[in-house]
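Printed here is entry14.csv (CSV, C-alpha atoms):
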```
chain,number,residue,atom,x,y,z
A,1,MET,CA,9.3,-15.2,6.1
A,2,SER,CA,8.3,-13.9,2.7
A,3,THR,CA,6.7,-10.8,4.3
A,4,THR,CA,10.0,-10.1,6.1
A,5,HIS,CA,11.9,-10.8,3.0
A,6,SER,CA,9.8,-8.3,0.9
A,7,ARG,CA,10.2,-5.7,3.7
A,8,LEU,CA,13.9,-6.1,3.5
A,9,GLN,CA,13.9,-5.6,-0.3
A,10,ASN,CA,11.9,-2.3,0.0
A,11,ARG,CA,14.2,-0.9,2.6
A,12,PRO,CA,16.8,1.6,1.3
A,13,THR,CA,20.3,0.4,0.9
A,14,PRO,CA,23.1,2.3,2.6
A,15,LYS,CA,24.0,3.7,-0.9
A,16,ARG,CA,20.7,5.4,-1.3
A,17,LYS,CA,20.2,8.7,0.5
A,18,THR,CA,16.6,8.3,1.5
A,19,VAL,CA,14.7,8.5,4.8
A,20,LYS,CA,11.4,7.1,5.9
A,21,LEU,CA,8.4,9.5,5.8
A,22,THR,CA,5.0,8.5,6.9
A,23,VAL,CA,2.0,10.5,5.7
A,24,TRP,CA,-1.7,10.1,6.2
A,25,VAL,CA,-3.8,10.4,3.1
A,26,LYS,CA,-7.4,9.8,2.1
A,27,PRO,CA,-8.2,6.2,1.1
A,28,VAL,CA,-8.9,7.2,-2.5
A,29,VAL,CA,-5.5,8.8,-2.7
A,30,LYS,CA,-3.8,5.6,-1.4
A,31,ALA,CA,-5.8,3.4,-3.8
A,32,GLU,CA,-4.9,5.6,-6.8
A,33,LEU,CA,-1.2,5.6,-5.7
A,34,GLU,CA,-1.3,1.8,-5.4
A,35,ARG,CA,-2.9,1.5,-8.8
A,36,ILE,CA,-0.3,3.7,-10.5
A,37,ALA,CA,2.5,1.9,-8.7
A,38,GLU,CA,1.2,-1.5,-9.9
A,39,GLN,CA,0.7,-0.1,-13.5
A,40,GLU,CA,4.3,1.2,-13.5
A,41,GLY,CA,5.8,-1.8,-11.9
A,42,LEU,CA,7.1,0.2,-9.0
A,43,SER,CA,6.7,0.1,-5.2
A,44,VAL,CA,4.1,2.3,-3.6
A,45,SER,CA,6.9,4.0,-1.8
A,46,ALA,CA,8.9,4.8,-5.0
A,47,THR,CA,5.7,6.0,-6.7
A,48,GLY,CA,4.7,8.2,-3.7
A,49,ALA,CA,8.2,9.6,-3.5
A,50,ALA,CA,8.2,10.5,-7.2
A,51,PHE,CA,4.8,12.2,-6.9
A,52,LEU,CA,6.0,14.1,-3.8
A,53,GLU,CA,9.2,15.2,-5.5
A,54,ASN,CA,7.2,16.4,-8.5
A,55,ALA,CA,4.8,18.3,-6.3
A,56,LEU,CA,7.7,20.0,-4.4
A,57,GLN,CA,9.4,20.9,-7.6
A,58,ALA,CA,6.2,22.4,-9.0
A,59,HIS,CA,5.9,24.4,-5.7
A,60,VAL,CA,9.5,25.7,-6.1
A,61,ASP,CA,8.8,26.5,-9.8
A,62,MET,CA,5.7,28.5,-8.9
A,63,GLN,CA,7.7,30.5,-6.3
A,64,TYR,CA,10.4,31.3,-8.9
A,65,GLY,CA,7.7,32.0,-11.5
A,66,SER,CA,6.2,34.7,-9.3
A,67,LEU,CA,9.7,36.3,-9.1
A,68,LEU,CA,10.1,36.1,-12.8
A,69,GLN,CA,7.5,38.7,-13.7
A,70,PRO,CA,9.1,41.5,-11.6
A,71,ILE,CA,12.5,40.7,-13.1
A,72,ILE,CA,11.1,40.8,-16.6
A,73,GLU,CA,9.2,44.0,-15.9
A,74,GLN,CA,12.4,45.6,-14.5
A,75,ALA,CA,14.4,44.7,-17.6
A,76,ILE,CA,11.7,46.1,-19.8
A,77,ARG,CA,11.6,49.3,-17.8
A,78,LYS,CA,15.4,49.7,-18.1
A,79,GLN,CA,15.2,49.1,-21.8
A,80,MET,CA,12.4,51.5,-22.3
A,81,ARG,CA,14.2,54.2,-20.3
A,82,SER,CA,17.2,53.8,-22.5
A,83,ILE,CA,15.1,54.0,-25.7
A,84,SER,CA,13.1,57.0,-24.3
A,85,THR,CA,16.3,58.9,-23.5
A,86,ARG,CA,17.6,58.4,-27.0
A,87,LEU,CA,14.3,59.4,-28.5
A,88,ALA,CA,14.1,62.5,-26.3
A,89,TRP,CA,17.5,63.6,-27.5
A,90,LEU,CA,16.5,63.0,-31.1
A,91,LEU,CA,13.2,64.9,-30.7
A,92,VAL,CA,14.8,67.8,-28.9
A,93,ARG,CA,17.4,68.0,-31.7
A,94,VAL,CA,14.8,67.9,-34.4
A,95,ALA,CA,12.5,70.4,-32.6
A,96,PHE,CA,15.4,72.8,-32.1
A,97,ASP,CA,16.6,72.6,-35.7
A,98,SER,CA,13.1,72.9,-37.2
A,99,GLY,CA,12.2,75.8,-34.9
A,100,GLN,CA,15.4,77.6,-35.8
A,101,THR,CA,15.0,76.9,-39.5
A,102,ARG,CA,11.3,78.1,-39.4
A,103,SER,CA,12.3,81.3,-37.7
A,104,LEU,CA,15.2,82.0,-40.1
A,105,VAL,CA,13.1,81.2,-43.2
A,106,THR,CA,10.2,83.3,-42.0
A,107,ASN,CA,12.5,86.2,-41.3
A,108,ILE,CA,14.2,86.0,-44.7
A,109,LEU,CA,11.0,85.5,-46.6
A,110,GLY,CA,9.3,88.4,-44.8
A,111,ARG,CA,12.2,90.7,-46.0
A,112,GLN,CA,11.8,89.7,-49.7
A,113,GLN,CA,10.6,92.4,-52.0
A,114,GLY,CA,6.9,92.1,-52.7
A,115,VAL,CA,6.1,89.8,-49.8
A,116,THR,CA,3.4,91.5,-47.8
A,117,PRO,CA,2.3,90.3,-44.4
A,118,GLU,CA,-0.8,88.8,-46.1
A,119,VAL,CA,1.4,86.9,-48.6
A,120,LEU,CA,3.7,85.7,-45.9
A,121,LYS,CA,0.7,84.4,-43.9
A,122,THR,CA,-0.6,82.6,-47.0
A,123,ILE,CA,2.8,81.0,-47.6
A,124,LEU,CA,3.2,79.9,-44.0
A,125,ASP,CA,-0.4,78.5,-43.9
A,126,SER,CA,0.3,76.6,-47.1
A,127,SER,CA,3.6,75.2,-45.9
A,128,SER,CA,1.9,74.2,-42.6
A,129,LYS,CA,-0.7,72.1,-44.5
A,130,THR,CA,2.0,70.5,-46.6
A,131,ALA,CA,4.1,69.7,-43.6
A,132,LYS,CA,1.1,68.1,-41.8
A,133,GLY,CA,0.3,66.0,-44.9
A,134,ASN,CA,4.0,64.9,-45.1
A,135,ILE,CA,4.1,63.6,-41.5
A,136,THR,CA,2.4,60.3,-42.3
A,137,ARG,CA,3.6,59.9,-45.9
A,138,ARG,CA,6.3,57.3,-46.4
A,139,THR,CA,8.6,58.4,-49.1
A,140,PRO,CA,11.8,56.5,-50.1
A,141,GLN,CA,13.8,59.3,-48.5
A,142,ILE,CA,11.9,59.1,-45.2
A,143,ILE,CA,12.2,55.3,-45.2
A,144,GLU,CA,16.0,55.7,-45.7
A,145,LEU,CA,16.2,58.2,-42.8
A,146,ILE,CA,14.1,56.0,-40.5
A,147,ASP,CA,16.4,53.0,-41.3
A,148,ALA,CA,19.5,55.2,-40.5
A,149,VAL,CA,18.0,56.4,-37.2
A,150,GLU,CA,17.0,52.8,-36.2
A,151,HIS,CA,20.6,51.7,-37.1
A,152,TRP,CA,22.0,54.5,-34.9
A,153,MET,CA,19.7,53.6,-32.0
A,154,VAL,CA,20.6,49.9,-32.2
A,155,ALA,CA,24.3,50.7,-32.4
A,156,GLU,CA,24.0,53.0,-29.4
A,157,GLU,CA,22.2,50.2,-27.4
A,158,GLY,CA,25.0,47.8,-28.3
A,159,GLU,CA,27.6,50.2,-27.2
A,160,LYS,CA,25.7,50.8,-23.9
A,161,GLN,CA,25.4,47.1,-23.2
A,162,THR,CA,29.1,46.5,-23.7
A,163,HIS,CA,29.9,49.2,-21.2
A,164,ASP,CA,27.4,47.9,-18.6
```
Starting from the coordinates I provided, produce the structure as structure tokens.
Amino acid sequence: MSTTHSRLQNRPTPKRKTVKLTVWVKPVVKAELERIAEQEGLSVSATGAAFLENALQAHVDMQYGSLLQPIIEQAIRKQMRSISTRLAWLLVRVAFDSGQTRSLVTNILGRQQGVTPEVLKTILDSSSKTAKGNITRRTPQIIELIDAVEHWMVAEEGEKQTHD
């Protein structure tokens, strides 16, 4: 009678939404499950159900985890395209302005009295060396300009996101 009584206690009540599942496992797995159940003060069924639920959740998490990488990569690509577009516009604007300025200055300088082609070449070579040296030099003025450009790019990104 006590065996029947214990079987009745382990059966799910109508309130619980569970169904019976029978699985075949290796003896060592069964022994470990029984040991854990006893240690936790739970039935083997409850312990096995908890382990199975955890394993299924881990499986689902791994499936979603594999989808996460392409989603993140796509978001990064979109962000990089946006930044690249703004940088391209900025670089084109700078290249145009500097090319036009160089052309005008060279033309005006070459027309000055006493400026021979050799003197003009010397001046242009010297200004080229100075410009190359200034590319990596961080002056307070350059830092201020970089901060302004960064602010402009961040503001444009914020505006773009509000429109998306």
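The two atoms in question, CA of Trp89 in chain A and CA of Glu156 in chain A, are spaced 12.6 Å apart.
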Shortest contact to Ala49 in chain A, candidates A:Lys132, A:His151, A:His163, A:Lys20, atoms counted only C-alpha atoms, goes to A:Lys20
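As for CA of Thr139 in chain A and CA of Leu109 in chain A, they are spaced 27.3 Å apart.
The smallest atom-to-atom distance between Arg86 in chain A and any of A:Val154, A:Val25, A:Leu120, A:Ala55, using only C-alpha atoms, is found for A:Val154.
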Atom pair CA of Thr162 in chain A + CA of Ile146 in chain A, distance 24.4 Å
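By only C-alpha atoms, and with residues fewer than 4 positions from Ile36 in chain A along its chain excluded, the set lying at most 12 Å from it is A:Val29, A:Lys30, A:Ala31, A:Glu32, A:Glu40, A:Gly41, A:Leu42, A:Ser43, A:Val44, A:Ser45, A:Ala46, A:Thr47, A:Gly48, A:Ala50, A:Phe51.
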- Message: Show me, as a VMD selection string, the residues that have an atom within 12 Å of range 102-107 of chain A when counting all atoms listed in the file, minus same-chain residues fewer than 2 positions from it.
- Response: chain A and resid 94 to 100 109 to 112 115 117 119 to 125 127 to 128 131
